[in-house]
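Enquirer: Please find work.tsv (TSV, C-alpha atoms) on the next line:
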```tsv
chain	number	residue	atom	x	y	z
A	261	MET	CA	27.07	-33.89	59.91
A	262	PRO	CA	26.22	-31.16	62.42
A	263	THR	CA	28.28	-31.30	65.59
A	264	GLU	CA	26.69	-31.50	69.03
A	265	ASP	CA	27.75	-27.88	69.69
A	266	ASN	CA	26.09	-26.74	66.46
A	267	LEU	CA	22.87	-28.58	67.31
A	268	ARG	CA	22.78	-27.02	70.79
A	269	HIS	CA	23.39	-23.60	69.27
A	270	ALA	CA	20.61	-24.06	66.70
A	271	GLU	CA	18.15	-25.16	69.41
A	272	LYS	CA	19.07	-22.17	71.58
A	273	MET	CA	18.65	-19.72	68.67
A	274	ALA	CA	15.29	-21.29	67.77
A	275	ARG	CA	14.05	-20.71	71.34
A	276	ILE	CA	15.28	-17.10	71.25
A	277	LYS	CA	13.61	-16.51	67.88
A	278	ALA	CA	10.30	-17.94	69.12
A	279	ALA	CA	10.42	-15.67	72.19
A	280	ARG	CA	11.26	-12.63	70.04
A	281	ASP	CA	8.46	-13.43	67.60
A	282	ARG	CA	5.96	-13.61	70.49
A	283	MET	CA	7.20	-10.29	71.83
A	284	MET	CA	7.07	-8.56	68.43
A	285	ALA	CA	3.56	-9.88	67.69
A	286	GLY	CA	2.19	-7.62	70.43
A	287	LYS	CA	3.90	-4.47	69.15
A	288	GLN	CA	1.91	-3.09	66.23
A	289	GLY	CA	1.46	0.57	67.19
A	290	GLU	CA	3.16	3.58	65.62
A	291	LYS	CA	3.44	7.17	66.84
A	292	GLY	CA	5.64	10.17	66.50
A	293	LEU	CA	8.29	9.87	69.20
A	294	ILE	CA	10.01	12.43	71.40
A	295	ILE	CA	13.64	11.29	71.48
A	296	VAL	CA	16.37	12.69	73.73
A	297	HIS	CA	20.11	12.12	73.25
A	298	THR	CA	22.10	13.41	76.20
A	299	GLY	CA	25.14	12.63	78.35
A	300	LYS	CA	28.82	13.58	78.43
A	301	GLY	CA	29.88	11.16	75.73
A	302	LYS	CA	30.31	11.83	72.03
A	303	GLY	CA	27.62	10.80	69.57
A	304	LYS	CA	24.48	12.72	70.50
A	305	SER	CA	24.27	14.87	67.37
A	306	SER	CA	25.84	12.14	65.24
A	307	SER	CA	23.06	9.74	66.19
A	308	GLY	CA	20.44	12.37	65.44
A	309	PHE	CA	21.91	12.98	61.99
A	310	GLY	CA	21.99	9.24	61.41
A	311	MET	CA	18.22	9.17	61.91
A	312	ILE	CA	17.82	12.13	59.56
A	313	LEU	CA	19.67	10.15	56.87
A	314	ARG	CA	17.36	7.20	57.49
A	315	CYS	CA	14.37	9.48	56.93
A	316	ILE	CA	15.90	10.70	53.67
A	317	ALA	CA	16.47	7.10	52.55
A	318	HIS	CA	12.75	6.42	53.19
A	319	GLU	CA	11.86	9.66	51.32
A	320	MET	CA	10.37	11.10	54.50
A	321	PRO	CA	10.53	14.92	54.66
A	322	CYS	CA	12.57	16.06	57.64
A	323	ALA	CA	14.28	19.12	59.08
A	324	VAL	CA	17.21	20.20	61.25
A	325	VAL	CA	17.44	23.23	63.53
A	326	GLN	CA	20.90	23.78	65.02
A	327	PHE	CA	20.84	25.83	68.20
A	328	ILE	CA	24.61	26.23	68.76
A	329	LYS	CA	26.81	25.38	65.76
A	330	GLY	CA	25.42	28.08	63.51
A	331	SER	CA	28.63	29.29	61.90
A	332	TRP	CA	30.38	25.91	61.66
A	333	ASP	CA	31.06	24.45	58.22
A	334	THR	CA	30.07	20.91	59.19
A	335	GLY	CA	30.01	17.79	57.05
A	336	GLU	CA	26.37	17.13	57.84
A	337	ARG	CA	25.38	20.64	56.78
A	338	ARG	CA	27.29	20.33	53.49
A	339	LEU	CA	25.77	16.95	52.72
A	340	LEU	CA	22.17	17.75	53.61
A	341	THR	CA	21.99	21.18	51.98
A	342	GLY	CA	24.09	20.19	48.96
A	343	HIS	CA	22.41	16.90	48.08
A	344	PHE	CA	19.13	16.47	49.96
A	345	GLY	CA	17.65	19.95	50.22
A	346	ASP	CA	14.46	18.70	48.59
A	347	LEU	CA	13.79	16.34	51.52
A	348	CYS	CA	15.60	17.96	54.45
A	349	GLN	CA	15.31	21.59	55.49
A	350	PHE	CA	18.38	22.81	57.39
A	351	TYR	CA	18.48	25.87	59.65
A	352	ALA	CA	21.69	26.85	61.44
A	353	MET	CA	20.38	29.35	64.00
A	354	GLY	CA	23.08	29.45	66.66
A	355	GLU	CA	26.09	31.72	66.83
A	356	GLY	CA	28.62	29.36	68.36
A	357	PHE	CA	29.24	28.02	71.82
A	358	THR	CA	28.24	30.26	74.71
A	359	TRP	CA	31.83	30.80	75.81
A	360	GLU	CA	32.63	32.15	72.32
A	361	THR	CA	29.81	34.70	72.04
A	362	GLN	CA	30.02	35.84	75.70
A	363	ASP	CA	26.81	37.74	75.08
A	364	ARG	CA	23.79	36.32	76.90
A	365	GLU	CA	21.22	38.53	75.19
A	366	ARG	CA	22.54	37.55	71.77
A	367	ASP	CA	22.48	33.88	72.72
A	368	ILE	CA	18.90	34.17	73.97
A	369	ALA	CA	17.82	35.93	70.77
A	370	ALA	CA	19.43	33.22	68.62
A	371	ALA	CA	17.84	30.45	70.71
A	372	ARG	CA	14.42	32.10	70.48
A	373	ALA	CA	14.72	32.43	66.71
A	374	GLY	CA	15.67	28.75	66.52
A	375	TRP	CA	12.71	27.75	68.67
A	376	GLU	CA	10.26	29.76	66.57
A	377	LYS	CA	11.53	27.99	63.44
A	378	ALA	CA	11.37	24.63	65.25
A	379	LYS	CA	7.72	25.20	66.20
A	380	GLU	CA	6.84	26.05	62.62
A	381	LEU	CA	8.46	22.82	61.40
A	382	ILE	CA	6.96	20.60	64.12
A	383	ARG	CA	3.47	21.94	63.36
A	384	ASP	CA	3.80	20.94	59.70
A	385	PRO	CA	2.22	17.46	59.26
A	386	ARG	CA	4.25	16.85	56.11
A	387	ILE	CA	7.52	16.79	58.07
A	388	ARG	CA	8.14	13.42	59.67
A	389	MET	CA	11.22	14.19	61.80
A	390	VAL	CA	12.66	17.38	63.26
A	391	LEU	CA	16.14	17.31	64.80
A	392	LEU	CA	16.68	20.04	67.41
A	393	ASP	CA	20.45	19.85	67.61
A	394	GLU	CA	21.95	21.05	70.92
A	395	ILE	CA	18.63	22.45	72.18
A	396	ASN	CA	19.42	20.92	75.58
A	397	ILE	CA	22.22	23.46	75.97
A	398	ALA	CA	19.80	26.32	75.29
A	399	LEU	CA	17.44	24.86	77.90
A	400	ARG	CA	20.24	24.31	80.40
A	401	TYR	CA	21.24	27.98	80.29
A	402	ASP	CA	17.60	29.14	80.36
A	403	TYR	CA	17.83	30.71	76.91
A	404	LEU	CA	14.48	29.01	76.30
A	405	ASP	CA	11.62	28.53	78.74
A	406	LEU	CA	11.46	24.84	79.61
A	407	ASP	CA	7.75	24.87	80.43
A	408	GLU	CA	6.95	26.44	77.07
A	409	VAL	CA	8.90	23.73	75.25
A	410	LEU	CA	7.23	20.95	77.24
A	411	VAL	CA	3.73	22.32	76.74
A	412	PHE	CA	4.31	22.74	73.01
A	413	LEU	CA	5.61	19.19	72.59
A	414	ARG	CA	2.65	17.81	74.53
A	415	SER	CA	-0.05	19.81	72.79
A	416	GLU	CA	1.11	20.85	69.31
A	417	LYS	CA	3.48	18.19	68.01
A	418	GLN	CA	1.92	16.38	65.06
A	419	PRO	CA	0.91	12.80	65.99
A	420	MET	CA	3.28	11.11	63.52
A	421	THR	CA	6.20	13.56	63.74
A	422	HIS	CA	9.36	12.44	65.53
A	423	VAL	CA	11.24	15.17	67.42
A	424	VAL	CA	14.87	14.55	68.41
A	425	LEU	CA	16.46	16.79	71.06
A	426	THR	CA	20.23	16.55	71.57
A	427	GLY	CA	22.79	18.01	73.94
A	428	ARG	CA	24.29	17.47	77.37
A	429	ASN	CA	22.41	17.92	80.62
A	430	ALA	CA	18.89	17.24	79.37
A	431	ARG	CA	16.44	18.58	81.95
A	432	PRO	CA	14.70	15.90	84.07
A	433	GLU	CA	11.26	17.14	82.99
A	434	LEU	CA	12.19	16.63	79.33
A	435	ILE	CA	13.50	13.15	80.07
A	436	GLU	CA	10.22	12.35	81.81
A	437	LEU	CA	8.21	13.51	78.77
A	438	ALA	CA	10.32	11.68	76.20
A	439	ASP	CA	9.46	8.29	74.70
A	440	LEU	CA	13.08	7.34	74.08
A	441	VAL	CA	16.12	8.59	76.02
A	442	THR	CA	19.74	7.63	75.45
A	443	GLU	CA	22.57	8.84	77.64
A	444	MET	CA	25.96	8.74	75.96
A	445	GLU	CA	28.69	7.74	78.42
A	446	GLN	CA	32.24	8.92	77.81
A	447	VAL	CA	34.84	6.22	78.39
A	448	LYS	CA	37.79	7.70	76.44
A	449	HIS	CA	38.19	10.79	74.29
A	450	PRO	CA	41.25	11.88	72.26
A	451	PHE	CA	40.81	15.50	73.38
A	452	ARG	CA	42.35	14.46	76.71
A	453	ASP	CA	45.51	13.50	74.82
A	454	GLY	CA	45.78	16.81	72.98
A	455	ILE	CA	43.93	15.77	69.80
A	456	LYS	CA	41.71	18.52	68.41
A	457	ALA	CA	38.26	18.12	66.81
A	458	GLN	CA	38.64	16.66	63.33
A	459	PRO	CA	36.55	16.62	60.13
A	460	GLY	CA	34.56	13.44	59.72
A	461	VAL	CA	34.68	12.66	63.43
A	462	GLU	CA	33.39	15.76	65.23
A	463	PHE	CA	32.06	17.87	62.34
```
Mind converting the file's structure to structure tokens?
Expert:
Amino acid sequence: MPTEDNLRHAEKMARIKAARDRMMAGKQGEKGLIIVHTGKGKGKSSSGFGMILRCIAHEMPCAVVQFIKGSWDTGERRLLTGHFGDLCQFYAMGEGFTWETQDRERDIAAARAGWEKAKELIRDPRIRMVLLDEINIALRYDYLDLDEVLVFLRSEKQPMTHVVLTGRNARPELIELADLVTEMEQVKHPFRDGIKAQPGVEF
């Protein structure tokens, strides 16, 4: 016999389900989204790569352009290029973090090359998602022209292509343009306790 608590729980869940069903019935549209992952917390790129893996699972062609971690031997790069190159194009265009290169002109040139490749990919209607990893850093340091990026996303992005832009300090104008924005908040991080970046967690 169901207990009184179980009956109350079932009634409550039935009301919630009915409300959710009504809400979902009015949401039938689809479109290519502009998605921004920003904030000081960890997980911006990781979330973007999670969506890339979802695309691969759905056999949706996709692409990655990395604006900073060009020389890193990352797990995501190994996996995507080694096993899913037929569905996911991968371009590591950066030359490392800005404090490592210490060469503004070189950083600008690398960012511009990355952006040119990104535009080519976003214009291709066959590609369903393009991840622009750490592009927010390039925009923050004015390696790329913000207005140019905004105008391109407004006017030339394919209607059903999702574009994901990651990195700290997303510009307010980009946040305003985006359909979906998530700010990662840092609560604790092992780096503060002397723990370095580790395979499988950071790269």
Enquirer: Once you count all atoms listed in the file, what closest atom pair and distance in Å to one decimal does each residue of range 263-332 of chain A within 7 Å of range 390-394 of chain A have, with rows by chain and rising residue number, as a tab-separated table?
Expert:
```
residue	atom	partner	partner_atom	distance
A:Ser305	CA	A:Asp393	CA	6.3
A:Gly308	CA	A:Leu391	CA	6.6
A:Cys322	CA	A:Val390	CA	5.8
A:Ala323	CA	A:Val390	CA	4.8
A:Val324	CA	A:Leu391	CA	4.7
A:Val325	CA	A:Leu392	CA	5.1
A:Gln326	CA	A:Asp393	CA	4.7
A:Phe327	CA	A:Glu394	CA	5.6
A:Ile328	CA	A:Glu394	CA	6.2
```
Enquirer: Restrict the selected residues to C-alpha atoms and save them as a short mmCIF file (atom, residue, chain, number, x, y, z; two decimals), in the frame of the given file.
Expert:
```
data_model
loop_
_atom_site.label_atom_id
_atom_site.label_comp_id
_atom_site.auth_asym_id
_atom_site.auth_seq_id
_atom_site.Cartn_x
_atom_site.Cartn_y
_atom_site.Cartn_z
CA SER A 305 24.27 14.87 67.37
CA GLY A 308 20.44 12.37 65.44
CA CYS A 322 12.57 16.06 57.64
CA ALA A 323 14.28 19.12 59.08
CA VAL A 324 17.21 20.20 61.25
CA VAL A 325 17.44 23.23 63.53
CA GLN A 326 20.90 23.78 65.02
CA PHE A 327 20.84 25.83 68.20
CA ILE A 328 24.61 26.23 68.76
#
```
Enquirer: Here is a test: counting all atoms listed in the file, which residue of A:Ile397, A:Ile387, A:Ala438, A:Leu410 is nearest to Gly299 in chain A?
Expert: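 Nearest to Gly299 in chain A: A:Ile397.
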Enquirer: What does the distance between CA of Ile382 in chain A and CA of Asp333 in chain A come to in Å, to one decimal place?
Expert: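 For CA of Ile382 in chain A relative to CA of Asp333 in chain A, the distance reads 25.1 Å.
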Enquirer: So what do you get for CA of Glu376 in chain A versus CA of Arg388 in chain A, distance-wise?
Expert: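 Computing the Euclidean distance for CA of Glu376 in chain A and CA of Arg388 in chain A yields 17.9 Å.
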Enquirer: Point out the residue among A:His318, A:Pro385, A:Lys448, A:Ala274 with the least atom-to-atom distance to His422 in chain A, counting only C-alpha atoms.
Expert: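 Using only C-alpha atoms, the shortest distance to His422 in chain A belongs to A:Pro385.
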Enquirer: Could you name the residues that touch Phe463 in chain A at 7 Å or less, counting all atoms listed in the file, but leaving out those on the same chain fewer than 5 positions away, as a list in words?
Expert: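 My list of contacting residues is Thr334, Gly335 and Gln458 of chain A.
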Enquirer: May I ask which of the residues A:Ala373, A:Met273, A:Ser307, A:Ala378 is the closest one to Ile295 in chain A, counting only C-alpha atoms?
Expert: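 Comparing A:Ala373, A:Met273, A:Ser307, A:Ala378 against Ile295 in chain A, the winner is A:Ser307.
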Enquirer: So, counting only C-alpha atoms, which residue among A:Gly303, A:Pro419, A:Gly374, A:Gly427 is closest to Leu404 in chain A?
Expert: A:Gly374
Enquirer: Could you check how far CA of Thr421 in chain A sits from CA of Ala370 in chain A, in Å to one decimal?
Expert: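 Between CA of Thr421 in chain A and CA of Ala370 in chain A the gap works out to 24.2 Å.
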Enquirer: Pick out the residues sitting within 9 Å of Glu443 in chain A, and hand them over as a VMD selection string; count only C-alpha atoms, and ignore anything fewer than 5 positions along from it in its own chain.
Expert: chain A and resid 296 to 301 304 428
Enquirer: Would you please work out which residue, of A:Glu445, A:Pro321, A:Ala352, A:Leu399, is nearest to Arg337 in chain A when using all atoms listed in the file?
Expert: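 Between A:Glu445, A:Pro321, A:Ala352, A:Leu399, the residue approaching Arg337 in chain A most closely is A:Ala352.
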Enquirer: Which is closer to His449 in chain A than all the others in A:Arg414, A:Ile294, A:Lys302, A:Arg431, using all atoms listed in the file?
Expert: A:Lys302
